[in-house]
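**Q** First the structure, then my questions, so here it is.
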Amino acid sequence: MAGPKIKVEEFLNKLPLFNEIAPGELKQIADCVVESHVAKGEVIFRRGDPCAGFHIVIYGQVKLAFTSPDGNEKVVEIIGPGHSFGEALMFMEKPYIVTAQALADTLLLHVPKQAVFDELERDTKFARKMLAGLSRRLHGLISDVEAYSLSSGAQRVIGYLLKSEAQHDGDQITLAVSKTVLSSRLNLTPEHFSRILHDLVVKKMIQVDGRTITILDIEKLRSYEGR
């Protein structure tokens with residue numbers, strides 16, 4: 001059963017992209033926004049579908065992925081609450097190049113591209129913020145390519161654990177996605193990912209219990225990552 005309808009205008013106002021827009025103009029965008037509840041496992045759009053705007057995640061998680069010619073899935077990005085996806089293709093007026101699927105029960109806001117284009121014509125600050133957001137996304141993708149090209153599988157896994165530890169502010173991490181999805185995001189096979197975790201357990205750097213990973217020796221992990 002769906003929960004109470006969110007106050008779209010208030011939510012948009014909290015996002016960096018929209019928080020300097022005049023109230024009247026923000027309301028015009030909010031009035032165009034479509035709210036949608038997506039069940040876990042449901043496909044939001046498929047590769048090749050037309051892009052009519054971009055999405056913002058209110059709660060839940062969305063996986064962006066494509067399928068390789070040999071049938072294997074490659075997870076490009078995992079989108080969490082407060083983050084958006086689909087902006088670049090909206091500007092290019094091209095169809096989606098990935099498939100988006102909910103990894104959990106998710107609430108989305110869809111912002112139509114015409115509402116965005118109208119605001120871009122009115123407000124140069126909005127244009128700069130949109131460009132900054134796209135630049136951050138591009139920088140992140142370049143960093144991913146660099147990591148895949150120059151880092152070992154173990155370094156990628158340790159880097160992820162150290163980043164998660166910093167965000168959780170504690171030595172215990174609960175993986176927000178399955179190990180299969182995470183391994184694909186790190187450009188590893190599930191088997192390779194499991195072997196790396198096992199090796200770190202044997203070396204007494206971490207302890208694994210299902211999706212819960214406890215860091216036992218953070219200094220040793222940092223040292224191992226730098227090799």
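Order determines the names: the first chain of the structure tokens is A, the second B, and so forth; residues in each chain are numbered 1 upward, and ligands are numbered 1 upward as they are shown.
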For segment 179-188 of chain A, please output as a list in words all residues within 8 Å (counting only C-alpha atoms; exclusion window: fewer than 5 positions along the same chain).
**A**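 Here the qualifying residues turn out to be Glu73, Lys74, Val75, Val76, Glu77, Ile78, Tyr148, Gly153, Arg156, Val157, Phe193 and Arg211 of chain A.
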**Q** Please produce a file of the residues just selected, as a PDB file, in the first residue's frame, where the atoms kept are N, CA and C atoms.
**A**
ATOM      1  N   GLU A  73      25.692  -9.262 -17.281  1.00  0.00           N
ATOM      2  CA  GLU A  73      25.272  -7.920 -16.899  1.00  0.00           C
ATOM      3  C   GLU A  73      26.436  -7.127 -16.319  1.00  0.00           C
ATOM      4  N   LYS A  74      26.548  -5.869 -16.725  1.00  0.00           N
ATOM      5  CA  LYS A  74      27.554  -4.959 -16.162  1.00  0.00           C
ATOM      6  C   LYS A  74      26.827  -3.805 -15.485  1.00  0.00           C
ATOM      7  N   VAL A  75      27.004  -3.694 -14.182  1.00  0.00           N
ATOM      8  CA  VAL A  75      26.394  -2.602 -13.421  1.00  0.00           C
ATOM      9  C   VAL A  75      27.258  -1.364 -13.581  1.00  0.00           C
ATOM     10  N   VAL A  76      26.677  -0.312 -14.113  1.00  0.00           N
ATOM     11  CA  VAL A  76      27.398   0.937 -14.359  1.00  0.00           C
ATOM     12  C   VAL A  76      27.377   1.825 -13.126  1.00  0.00           C
ATOM     13  N   GLU A  77      26.227   1.885 -12.473  1.00  0.00           N
ATOM     14  CA  GLU A  77      26.084   2.799 -11.335  1.00  0.00           C
ATOM     15  C   GLU A  77      24.929   2.342 -10.463  1.00  0.00           C
ATOM     16  N   ILE A  78      25.028   2.643  -9.168  1.00  0.00           N
ATOM     17  CA  ILE A  78      23.950   2.385  -8.217  1.00  0.00           C
ATOM     18  C   ILE A  78      23.522   3.737  -7.650  1.00  0.00           C
ATOM     19  N   TYR A 148      39.505   0.684 -12.887  1.00  0.00           N
ATOM     20  CA  TYR A 148      39.456  -0.616 -13.554  1.00  0.00           C
ATOM     21  C   TYR A 148      40.752  -0.904 -14.307  1.00  0.00           C
ATOM     22  N   GLY A 153      42.011  -6.087  -8.533  1.00  0.00           N
ATOM     23  CA  GLY A 153      40.699  -6.389  -7.973  1.00  0.00           C
ATOM     24  C   GLY A 153      40.673  -6.175  -6.473  1.00  0.00           C
ATOM     25  N   ARG A 156      40.422  -2.518  -5.597  1.00  0.00           N
ATOM     26  CA  ARG A 156      39.072  -1.980  -5.803  1.00  0.00           C
ATOM     27  C   ARG A 156      38.162  -2.338  -4.632  1.00  0.00           C
ATOM     28  N   VAL A 157      38.231  -3.598  -4.196  1.00  0.00           N
ATOM     29  CA  VAL A 157      37.383  -4.035  -3.083  1.00  0.00           C
ATOM     30  C   VAL A 157      37.765  -3.296  -1.809  1.00  0.00           C
ATOM     31  N   PHE A 193      35.330 -11.751  -6.650  1.00  0.00           N
ATOM     32  CA  PHE A 193      34.975 -10.933  -5.502  1.00  0.00           C
ATOM     33  C   PHE A 193      34.999 -11.765  -4.217  1.00  0.00           C
ATOM     34  N   ARG A 211      25.885 -10.151   4.570  1.00  0.00           N
ATOM     35  CA  ARG A 211      26.156  -8.828   3.991  1.00  0.00           C
ATOM     36  C   ARG A 211      26.878  -7.893   4.971  1.00  0.00           C
TER      37      ARG A 211
END
**Q** For Cys32 of chain A, find every residue with an atom within 8 Å (counting only C-alpha atoms), except residues of its own chain fewer than 3 positions away, and show them as a PDB file with N, CA and C atoms, in the first residue's frame.
**A**
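And here's around04.pdb as it stands now:
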ATOM      1  N   GLN A  28       6.564  25.768 -10.407  1.00  0.00           N
ATOM      2  CA  GLN A  28       6.238  25.391 -11.783  1.00  0.00           C
ATOM      3  C   GLN A  28       6.866  24.055 -12.143  1.00  0.00           C
ATOM      4  N   ILE A  29       8.103  23.831 -11.685  1.00  0.00           N
ATOM      5  CA  ILE A  29       8.746  22.546 -11.933  1.00  0.00           C
ATOM      6  C   ILE A  29       8.039  21.445 -11.140  1.00  0.00           C
ATOM      7  N   VAL A 111      11.254  14.247 -13.582  1.00  0.00           N
ATOM      8  CA  VAL A 111      11.188  15.658 -13.963  1.00  0.00           C
ATOM      9  C   VAL A 111      11.204  15.733 -15.490  1.00  0.00           C
ATOM     10  N   PRO A 112      10.106  16.150 -16.124  1.00  0.00           N
ATOM     11  CA  PRO A 112      10.048  16.199 -17.595  1.00  0.00           C
ATOM     12  C   PRO A 112      11.082  17.156 -18.169  1.00  0.00           C
ATOM     13  N   ALA A 115      10.197  20.943 -18.639  1.00  0.00           N
ATOM     14  CA  ALA A 115      10.238  21.757 -17.425  1.00  0.00           C
ATOM     15  C   ALA A 115      11.667  22.209 -17.139  1.00  0.00           C
TER      16      ALA A 115
END
**Q** For Asn72 of chain A, which residue out of A:Ser164, A:Met205, A:Arg128, A:Pro190 is the nearest one, using only C-alpha atoms?
**A**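 Result for the nearest residue to Asn72 of chain A: A:Pro190.
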**Q** Residues at most 6 Å from segment 34-43 of chain A, counting only C-alpha atoms, excluding those fewer than 4 positions away in the same chain, as a VMD selection string?
**A** chain A and resid 100 to 110
**Q** Restrict the selected residues to N, CA and C atoms and save them as a PDB file, in the first residue's frame.
**A**
ATOM      1  N   ALA A 100      17.450   0.650 -16.315  1.00  0.00           N
ATOM      2  CA  ALA A 100      17.338   1.018 -14.904  1.00  0.00           C
ATOM      3  C   ALA A 100      16.358   0.077 -14.216  1.00  0.00           C
ATOM      4  N   GLN A 101      16.795  -0.489 -13.097  1.00  0.00           N
ATOM      5  CA  GLN A 101      15.957  -1.441 -12.364  1.00  0.00           C
ATOM      6  C   GLN A 101      16.048  -1.151 -10.872  1.00  0.00           C
ATOM      7  N   ALA A 102      14.927  -1.235 -10.179  1.00  0.00           N
ATOM      8  CA  ALA A 102      14.906  -0.983  -8.740  1.00  0.00           C
ATOM      9  C   ALA A 102      15.517  -2.162  -7.982  1.00  0.00           C
ATOM     10  N   LEU A 103      16.464  -1.867  -7.094  1.00  0.00           N
ATOM     11  CA  LEU A 103      17.075  -2.904  -6.262  1.00  0.00           C
ATOM     12  C   LEU A 103      16.313  -3.080  -4.954  1.00  0.00           C
ATOM     13  N   ALA A 104      15.420  -2.152  -4.666  1.00  0.00           N
ATOM     14  CA  ALA A 104      14.571  -2.200  -3.473  1.00  0.00           C
ATOM     15  C   ALA A 104      13.295  -1.452  -3.819  1.00  0.00           C
ATOM     16  N   ASP A 105      12.291  -1.541  -2.974  1.00  0.00           N
ATOM     17  CA  ASP A 105      11.100  -0.722  -3.191  1.00  0.00           C
ATOM     18  C   ASP A 105      11.544   0.741  -3.198  1.00  0.00           C
ATOM     19  N   THR A 106      11.191   1.449  -4.250  1.00  0.00           N
ATOM     20  CA  THR A 106      11.767   2.764  -4.511  1.00  0.00           C
ATOM     21  C   THR A 106      10.698   3.783  -4.854  1.00  0.00           C
ATOM     22  N   LEU A 107      10.905   5.011  -4.387  1.00  0.00           N
ATOM     23  CA  LEU A 107      10.047   6.129  -4.766  1.00  0.00           C
ATOM     24  C   LEU A 107      10.859   7.075  -5.635  1.00  0.00           C
ATOM     25  N   LEU A 108      10.337   7.369  -6.821  1.00  0.00           N
ATOM     26  CA  LEU A 108      11.025   8.222  -7.784  1.00  0.00           C
ATOM     27  C   LEU A 108      10.208   9.466  -8.102  1.00  0.00           C
ATOM     28  N   LEU A 109      10.928  10.521  -8.431  1.00  0.00           N
ATOM     29  CA  LEU A 109      10.315  11.692  -9.047  1.00  0.00           C
ATOM     30  C   LEU A 109      10.843  11.772 -10.471  1.00  0.00           C
ATOM     31  N   HIS A 110       9.953  11.937 -11.438  1.00  0.00           N
ATOM     32  CA  HIS A 110      10.371  12.123 -12.828  1.00  0.00           C
ATOM     33  C   HIS A 110      10.146  13.585 -13.202  1.00  0.00           C
TER      34      HIS A 110
END
**Q** Counting only C-alpha atoms, figure out which residue out of A:Ile196, A:Ile6, A:Leu26, A:Ala154 gets nearest to Glu225 of chain A.
**A**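 Using only C-alpha atoms, Glu225 of chain A sits closest to A:Ala154.
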**Q** Per DSSP on the backbone, filter segment 74-154 of chain A down to the residues in strand (DSSP E) and report them as a list in words.
**A**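 Result set for segment 74-154 of chain A (strand (DSSP E)): Lys74, Val75, Val76, Glu77, Ile78, Ile79, Ser84, Phe85, Thr99, Ala100, Gln101, Ala102, Thr106, Leu107, Leu108, Leu109, His110, Val111 and Pro112 of chain A.
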**Q** Which is closest to Thr212 of chain A among A:Thr174, A:Asn13, A:Thr99, A:Thr67, if we use only C-alpha atoms?
**A** A:Thr174
**Q** Would you list the contacts of Gly82 of chain A as a list in words, taking every protein, DNA or RNA residue within 10 Å and counting only C-alpha atoms, but skipping same-chain residues closer than 3 positions in sequence?
**A**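 Surrounding residues, per the criterion: Phe11, Leu12, Lys14, Leu15, Pro16, Ile56, Val57, Ile58, Tyr59, Gly60, Ile79 and Leu108 of chain A.
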**Q** Save the residues we just selected, C-alpha atoms, as an mmCIF file, in the first residue's frame?
**A**
data_model
loop_
_atom_site.group_PDB
_atom_site.id
_atom_site.type_symbol
_atom_site.label_atom_id
_atom_site.label_comp_id
_atom_site.auth_asym_id
_atom_site.auth_seq_id
_atom_site.Cartn_x
_atom_site.Cartn_y
_atom_site.Cartn_z
ATOM 1 C CA PHE A 11 11.871 17.943 -1.418
ATOM 2 C CA LEU A 12 13.179 19.626 -4.564
ATOM 3 C CA LYS A 14 16.530 20.566 -0.475
ATOM 4 C CA LEU A 15 18.423 19.301 -3.516
ATOM 5 C CA PRO A 16 21.558 21.248 -4.561
ATOM 6 C CA ILE A 56 15.403 11.611 -8.704
ATOM 7 C CA VAL A 57 15.446 8.868 -6.052
ATOM 8 C CA ILE A 58 13.494 9.753 -2.894
ATOM 9 C CA TYR A 59 14.094 6.408 -1.172
ATOM 10 C CA GLY A 60 15.283 3.013 -2.320
ATOM 11 C CA ILE A 79 21.763 5.414 -7.497
ATOM 12 C CA LEU A 108 11.025 8.222 -7.784
#
**Q** So which bits of segment 116-191 of chain A end up helix (DSSP H, G or I) when you DSSP the backbone, as a ChimeraX atom specification?
**A** /A:116-122,124-150,153-168,179-185,190-191
**Q** What lies within 12 Å of segment 116-124 of chain A using only C-alpha atoms, ignoring chain neighbours under 5 positions off, as JSON, numbers by chain?
**A** {"A": [17, 18, 20, 21, 22, 24, 25, 26, 27, 28, 29, 30, 32, 33, 52, 53, 54, 55, 87, 90, 91, 93, 110, 111, 129, 130, 131]}
**Q** Which value, in Å to one decimal, gives the distance between atom CA of Lys7 of chain A and atom CA of Asn19 of chain A?
**A**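 Answer for the atom CA of Lys7 of chain A to atom CA of Asn19 of chain A separation: 14.8 Å.
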**Q** Find, counting only C-alpha atoms, the residue in A:Pro69, A:Ile158, A:Leu64, A:Tyr96 that gets nearest to Asp49 of chain A.
**A**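 Of all the options, A:Tyr96 lies closest to Asp49 of chain A.
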**Q** Any idea what the distance is between atom CA of Cys51 of chain A and atom CA of Lys94 of chain A?
**A**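 Here the two named atoms are 6.6 Å from each other.
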**Q** Of the candidates A:Gln155, A:Ile213, A:Ile206, A:Ser194, which one gets nearest to Ile173 of chain A if we count only C-alpha atoms?
**A**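 Comparing A:Gln155, A:Ile213, A:Ile206, A:Ser194 against Ile173 of chain A, the winner is A:Ile213.
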**Q** Can you measure atom CA of Asp209 of chain A to atom CA of Tyr160 of chain A for me? One decimal in Å is fine.
**A** 17.2 Å
**Q** Near Arg222 of chain A, counting only C-alpha atoms, which residues have an atom at most 10 Å away, once you skip same-chain residues fewer than 3 positions from it, shown as a list of chain:residue names?
**A**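 Within the cut-off, the hits are A:Gln155, A:Ile158, A:Gly159, A:Leu162, A:Asp217, A:Ile218, A:Glu219, A:Glu225, A:Gly226, A:Arg227.
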**Q** Store the residues of this selection in a file with N, CA and C atoms, as an mmCIF file, in the first residue's frame.
**A**
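Below you can see part.cif, which holds the result:
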data_model
loop_
_atom_site.group_PDB
_atom_site.id
_atom_site.type_symbol
_atom_site.label_atom_id
_atom_site.label_comp_id
_atom_site.auth_asym_id
_atom_site.auth_seq_id
_atom_site.Cartn_x
_atom_site.Cartn_y
_atom_site.Cartn_z
ATOM 1 N N GLN A 155 42.530 -4.137 -4.722
ATOM 2 C CA GLN A 155 42.564 -2.695 -4.424
ATOM 3 C C GLN A 155 41.184 -2.074 -4.588
ATOM 4 N N ILE A 158 39.054 -3.194 -1.524
ATOM 5 C CA ILE A 158 39.499 -2.503 -0.313
ATOM 6 C C ILE A 158 39.119 -1.032 -0.371
ATOM 7 N N GLY A 159 39.271 -0.417 -1.547
ATOM 8 C CA GLY A 159 38.879 0.983 -1.699
ATOM 9 C C GLY A 159 37.411 1.178 -1.379
ATOM 10 N N LEU A 162 36.952 0.843 2.462
ATOM 11 C CA LEU A 162 37.446 2.007 3.188
ATOM 12 C C LEU A 162 36.523 3.206 3.008
ATOM 13 N N ASP A 217 41.285 -4.628 10.945
ATOM 14 C CA ASP A 217 42.581 -3.945 10.954
ATOM 15 C C ASP A 217 42.610 -2.926 9.812
ATOM 16 N N ILE A 218 42.167 -1.715 10.094
ATOM 17 C CA ILE A 218 42.031 -0.706 9.047
ATOM 18 C C ILE A 218 43.391 -0.239 8.524
ATOM 19 N N GLU A 219 44.378 -0.178 9.394
ATOM 20 C CA GLU A 219 45.702 0.260 8.944
ATOM 21 C C GLU A 219 46.301 -0.759 7.982
ATOM 22 N N GLU A 225 45.946 -1.685 0.307
ATOM 23 C CA GLU A 225 45.373 -0.984 -0.831
ATOM 24 C C GLU A 225 46.455 -0.236 -1.623
ATOM 25 N N GLY A 226 47.456 0.280 -0.919
ATOM 26 C CA GLY A 226 48.484 1.080 -1.556
ATOM 27 C C GLY A 226 49.539 0.302 -2.306
ATOM 28 N N ARG A 227 49.459 -1.001 -2.294
ATOM 29 C CA ARG A 227 50.479 -1.814 -2.975
ATOM 30 C C ARG A 227 50.381 -1.674 -4.497
#
